[in-house]
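Engineer: The structure's right below; bear with me while I get my questions together.
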Amino acid sequence: MADGFWLGPIKIYYYSLCMLLAVWAGYWLLLSQAKSLKLSSTVLTDFVMAALVSGAVGARLGYIIQNWTYYRAFPGDILKLSSGGLSIHGALFLGLLVLYILTRKHKLAFLAVTDAFALPVLLGQIIGRFGNYFNQELYGYPTNLPWKIFIDDIHRIPAYQNVTYYHPTFLYEIILNGLGLLFIWRWQNGHKKTGQLTGLYLIVLGLSRFITEIWRISDRLAFHLSLAQYVSVVLVLIGATLYFKRDSGR
């Protein structure tokens, strides 16, 4: 594939299309998930818009924090969004904070609301990850496996400028999250307590990202783990705590 194919309007169009599909699919699923909360359309729209805006801001801030060494040297690139650069962990943390504030405002149980958002957000993440393909980002180490992907030289990390094929780590995350989505979807038909859906979402998110990071090119900290893997461990622990906790309805 020629380098120019990924540049300009074509790349932006396909990436934007993936993001729009992700939002639409997530909202469609949320409508059915939120029925038990008996939210009015106005309140539901407020929750969705707040989650989208805070998620987008948090995703960018999270990515900047994870790559602060680079952005400290090139602060002008902080607002350069055309080349990608979003963190799901950043989106999650700021999104949850804003949702918590809104639930207090509307006197709703926080975990009941996050339960309603769990599957829609996971579905949106799965669809949105296809945008990483068009942006040629979140790929892994070089490989010659049959499912390798070609990366244009303009998107290659300097240390691998002469390498053309890499692990499609975004695809690995899509598959793992997809399996998690199917599991949670089937599981939720049985008995569940408030907060368990949220717990399972955090476990799926944490495990899929931890595993994916094994092949992803990223800075390594102690024990050769990335920052994303350490955050993923925390998410799994929080998720397990929510899943096994006694139901308080809050």
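Within each chain, counting starts at residue 1; across the structure tokens, chains are named A, B, ... in the order shown, with ligands numbered 1 upward in that order.
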Do you know which residues are at most 9 Å from His167 in chain A counting only C-alpha atoms, after dropping those on the same chain fewer than 6 positions away, and could you put them as a list in words?

Structural biologist: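 Answer for this query is Tyr139, Gly140, Tyr141, Pro142, Thr143, Asn144, Leu145, Trp147, Lys148, Ile149, Trp215 and Arg216 of chain A.
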
Engineer: If we count only C-alpha atoms, what is near range 187-200 of chain A at a cut-off of 7 Å, once residues fewer than 3 positions away on the same chain are taken out, given as an NGL selection string?

Structural biologist: :A and (111-112 or 114-115 or 118 or 183-184 or 203-204 or 239-240 or 242-243 or 247 or 249)

Engineer: When you look at Phe93 in chain A with a cut-off of 12 Å (counting only C-alpha atoms), what residues show up, excluding the ones that are within fewer than 6 positions of it in the same chain? I need them as a PDB file with N, CA and C atoms, in the first residue's frame.

Structural biologist:
ATOM      1  N   ALA A  51     -20.318  11.670  29.034  1.00  0.00           N
ATOM      2  CA  ALA A  51     -19.365  10.561  28.937  1.00  0.00           C
ATOM      3  C   ALA A  51     -18.493  10.702  27.697  1.00  0.00           C
ATOM      4  N   SER A  54     -16.050  13.927  28.253  1.00  0.00           N
ATOM      5  CA  SER A  54     -15.034  13.645  29.280  1.00  0.00           C
ATOM      6  C   SER A  54     -14.139  12.496  28.848  1.00  0.00           C
ATOM      7  N   GLY A  55     -14.722  11.501  28.151  1.00  0.00           N
ATOM      8  CA  GLY A  55     -13.926  10.383  27.658  1.00  0.00           C
ATOM      9  C   GLY A  55     -12.890  10.826  26.648  1.00  0.00           C
ATOM     10  N   ALA A  56     -13.294  11.721  25.740  1.00  0.00           N
ATOM     11  CA  ALA A  56     -12.369  12.210  24.716  1.00  0.00           C
ATOM     12  C   ALA A  56     -11.236  13.019  25.346  1.00  0.00           C
ATOM     13  N   VAL A  57     -11.592  13.902  26.280  1.00  0.00           N
ATOM     14  CA  VAL A  57     -10.579  14.727  26.955  1.00  0.00           C
ATOM     15  C   VAL A  57      -9.651  13.837  27.779  1.00  0.00           C
ATOM     16  N   GLY A  58     -10.240  12.909  28.519  1.00  0.00           N
ATOM     17  CA  GLY A  58      -9.435  12.017  29.341  1.00  0.00           C
ATOM     18  C   GLY A  58      -8.535  11.129  28.518  1.00  0.00           C
ATOM     19  N   ALA A  59      -9.025  10.693  27.358  1.00  0.00           N
ATOM     20  CA  ALA A  59      -8.218   9.841  26.480  1.00  0.00           C
ATOM     21  C   ALA A  59      -6.974  10.571  25.995  1.00  0.00           C
ATOM     22  N   ARG A  60      -7.147  11.839  25.650  1.00  0.00           N
ATOM     23  CA  ARG A  60      -5.992  12.620  25.174  1.00  0.00           C
ATOM     24  C   ARG A  60      -5.027  12.920  26.323  1.00  0.00           C
ATOM     25  N   LEU A  61      -5.575  13.309  27.474  1.00  0.00           N
ATOM     26  CA  LEU A  61      -4.719  13.605  28.623  1.00  0.00           C
ATOM     27  C   LEU A  61      -3.942  12.362  29.054  1.00  0.00           C
ATOM     28  N   GLY A  62      -4.624  11.227  29.050  1.00  0.00           N
ATOM     29  CA  GLY A  62      -3.961   9.988  29.433  1.00  0.00           C
ATOM     30  C   GLY A  62      -2.813   9.641  28.510  1.00  0.00           C
ATOM     31  N   SER A  87      -5.795   7.427  24.906  1.00  0.00           N
ATOM     32  CA  SER A  87      -5.606   6.375  25.909  1.00  0.00           C
ATOM     33  C   SER A  87      -6.951   5.935  26.468  1.00  0.00           C
ATOM     34  N   LEU A  99     -19.297  10.738  35.382  1.00  0.00           N
ATOM     35  CA  LEU A  99     -20.521   9.972  35.616  1.00  0.00           C
ATOM     36  C   LEU A  99     -20.883   9.960  37.106  1.00  0.00           C
ATOM     37  N   TYR A 100     -19.872   9.853  37.947  1.00  0.00           N
ATOM     38  CA  TYR A 100     -20.125   9.856  39.395  1.00  0.00           C
ATOM     39  C   TYR A 100     -20.763  11.181  39.824  1.00  0.00           C
ATOM     40  N   LEU A 202     -14.367  -4.217  33.819  1.00  0.00           N
ATOM     41  CA  LEU A 202     -13.013  -3.825  34.208  1.00  0.00           C
ATOM     42  C   LEU A 202     -12.044  -5.003  34.104  1.00  0.00           C
ATOM     43  N   VAL A 231      -1.519  -0.381  35.111  1.00  0.00           N
ATOM     44  CA  VAL A 231      -2.876   0.145  35.259  1.00  0.00           C
ATOM     45  C   VAL A 231      -3.888  -0.979  35.067  1.00  0.00           C
ATOM     46  N   LEU A 235      -7.005  -2.317  37.402  1.00  0.00           N
ATOM     47  CA  LEU A 235      -8.383  -2.448  36.923  1.00  0.00           C
ATOM     48  C   LEU A 235      -8.947  -3.835  37.208  1.00  0.00           C
TER      49      LEU A 235
END

Engineer: Using backbone DSSP assignments, extract all strand (DSSP E) residues from range 12-233 of chain A; output them as a list of chain:residue names.

Structural biologist: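 The strand (DSSP E) residues within range 12-233 of chain A come out as A:Ile149, A:Phe150, A:Tyr165, A:Tyr166.
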
Engineer: Which residues in range 164-240 of chain A does DSSP call helix (DSSP H, G or I)? List them as a PyMOL selection string.

Structural biologist: chain A and resi 169-187+196-212+222-224+227-240

Engineer: Please write the residues from the selection above to a file, keeping C-alpha atoms, as a JSON list (two decimals), in the first residue's frame.

Structural biologist:
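Writing done, so here's out-v9.json:
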[["chain", "number", "residue", "atom", "x", "y", "z"],
["A", 169, "THR", "CA", -1.98, -5.46, 18.43],
["A", 170, "PHE", "CA", -5.16, -3.45, 17.99],
["A", 171, "LEU", "CA", -6.63, -6.57, 16.34],
["A", 172, "TYR", "CA", -5.54, -8.71, 19.29],
["A", 173, "GLU", "CA", -7.40, -6.33, 21.60],
["A", 174, "ILE", "CA", -10.47, -6.41, 19.36],
["A", 175, "ILE", "CA", -10.56, -10.21, 19.52],
["A", 176, "LEU", "CA", -10.02, -10.39, 23.29],
["A", 177, "ASN", "CA", -12.60, -7.69, 24.01],
["A", 178, "GLY", "CA", -15.01, -9.37, 21.59],
["A", 179, "LEU", "CA", -14.72, -12.65, 23.49],
["A", 180, "GLY", "CA", -15.22, -10.73, 26.73],
["A", 181, "LEU", "CA", -18.31, -9.03, 25.31],
["A", 182, "LEU", "CA", -19.86, -12.37, 24.34],
["A", 183, "PHE", "CA", -19.11, -13.82, 27.77],
["A", 184, "ILE", "CA", -20.63, -10.89, 29.66],
["A", 185, "TRP", "CA", -23.65, -10.81, 27.33],
["A", 186, "ARG", "CA", -24.46, -14.45, 28.09],
["A", 187, "TRP", "CA", -23.62, -14.10, 31.78],
["A", 196, "GLN", "CA", -20.99, -7.00, 38.87],
["A", 197, "LEU", "CA", -21.37, -5.93, 35.24],
["A", 198, "THR", "CA", -19.01, -3.05, 35.93],
["A", 199, "GLY", "CA", -16.61, -5.45, 37.62],
["A", 200, "LEU", "CA", -16.62, -7.86, 34.70],
["A", 201, "TYR", "CA", -16.07, -4.97, 32.27],
["A", 202, "LEU", "CA", -13.01, -3.82, 34.21],
["A", 203, "ILE", "CA", -11.66, -7.38, 34.34],
["A", 204, "VAL", "CA", -12.10, -7.85, 30.57],
["A", 205, "LEU", "CA", -10.58, -4.45, 29.84],
["A", 206, "GLY", "CA", -7.63, -5.07, 32.15],
["A", 207, "LEU", "CA", -6.87, -8.60, 30.97],
["A", 208, "SER", "CA", -7.19, -7.81, 27.26],
["A", 209, "ARG", "CA", -4.93, -4.78, 27.51],
["A", 210, "PHE", "CA", -2.37, -6.55, 29.71],
["A", 211, "ILE", "CA", -2.10, -9.42, 27.22],
["A", 212, "THR", "CA", -2.01, -7.12, 24.19],
["A", 222, "ALA", "CA", 9.99, -2.56, 36.46],
["A", 223, "PHE", "CA", 9.73, -6.28, 35.63],
["A", 224, "HIS", "CA", 9.62, -5.32, 31.94],
["A", 227, "LEU", "CA", 2.57, 1.57, 32.44],
["A", 228, "ALA", "CA", -0.59, 0.31, 30.73],
["A", 229, "GLN", "CA", 0.00, -3.16, 32.16],
["A", 230, "TYR", "CA", 0.34, -1.82, 35.70],
["A", 231, "VAL", "CA", -2.88, 0.14, 35.26],
["A", 232, "SER", "CA", -4.52, -2.99, 33.85],
["A", 233, "VAL", "CA", -3.58, -4.96, 36.97],
["A", 234, "VAL", "CA", -5.26, -2.28, 39.11],
["A", 235, "LEU", "CA", -8.38, -2.45, 36.92],
["A", 236, "VAL", "CA", -8.58, -6.24, 37.26],
["A", 237, "LEU", "CA", -8.27, -5.99, 41.06],
["A", 238, "ILE", "CA", -10.97, -3.32, 41.25],
["A", 239, "GLY", "CA", -13.15, -5.36, 38.91],
["A", 240, "ALA", "CA", -12.74, -8.52, 40.99]]

Engineer: If you count only C-alpha atoms, which residues fall within 6 Å of range 122-130 of chain A, apart from same-chain ones fewer than 6 positions away, as a ChimeraX atom specification?

Structural biologist: /A:18-19,22-23,26,174

Engineer: Taking 4 positions as the minimum chain separation for residues in the same chain, which residues sit within 12 Å of Val113 in chain A when counting only C-alpha atoms? Answer as a short mmCIF file (atom, residue, chain, number, x, y, z; two decimals) with C-alpha atoms, in the first residue's frame.

Structural biologist:
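Written file, part09.cif:
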data_model
loop_
_atom_site.label_atom_id
_atom_site.label_comp_id
_atom_site.auth_asym_id
_atom_site.auth_seq_id
_atom_site.Cartn_x
_atom_site.Cartn_y
_atom_site.Cartn_z
CA LEU A 30 -27.19 1.66 25.97
CA GLN A 33 -29.31 -1.49 28.99
CA ALA A 34 -30.61 1.70 30.62
CA LYS A 35 -34.29 0.67 30.66
CA SER A 36 -33.96 -0.72 34.18
CA LEU A 37 -32.82 2.69 35.42
CA LYS A 38 -35.98 4.34 34.04
CA LEU A 39 -34.02 7.34 32.82
CA VAL A 43 -31.21 12.64 31.38
CA LEU A 44 -29.86 9.75 29.29
CA PHE A 47 -25.14 11.18 30.59
CA VAL A 48 -24.06 10.13 27.09
CA ALA A 51 -19.36 10.56 28.94
CA LEU A 96 -16.14 7.58 35.48
CA VAL A 98 -17.92 12.76 35.46
CA LEU A 99 -20.52 9.97 35.62
CA TYR A 100 -20.12 9.86 39.40
CA ILE A 101 -20.81 13.60 39.63
CA LEU A 102 -23.91 13.25 37.45
CA THR A 103 -25.27 10.31 39.43
CA ARG A 104 -24.99 12.34 42.61
CA HIS A 106 -29.68 12.99 39.73
CA LYS A 107 -29.67 10.88 42.93
CA LEU A 108 -28.94 7.63 41.08
CA ALA A 109 -26.89 4.64 42.19
CA PHE A 117 -22.74 1.66 30.42
CA ALA A 118 -20.46 -1.39 30.69
CA LEU A 119 -21.48 -3.38 27.59
CA PRO A 120 -22.17 -0.31 25.39
CA THR A 194 -25.35 -4.26 41.29
CA GLY A 195 -21.78 -3.56 40.27
CA GLN A 196 -20.99 -7.00 38.87
CA LEU A 197 -21.37 -5.93 35.24
CA THR A 198 -19.01 -3.05 35.93
CA GLY A 249 -27.14 -0.93 45.52
CA ARG A 250 -24.69 1.98 45.35
#

Engineer: Rounded to one decimal, what separation in Å do you get between CA of Tyr63 in chain A and CA of Gly90 in chain A?

Structural biologist: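 Computed distance, CA of Tyr63 in chain A to CA of Gly90 in chain A, equals 7.1 Å.
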
Engineer: Restricting the calculation to only C-alpha atoms, which member of A:Ile65, A:Ile78, A:Leu92, A:Tyr165 is positioned closest to Leu52 in chain A?

Structural biologist: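 Result for the nearest residue to Leu52 in chain A: A:Leu92.
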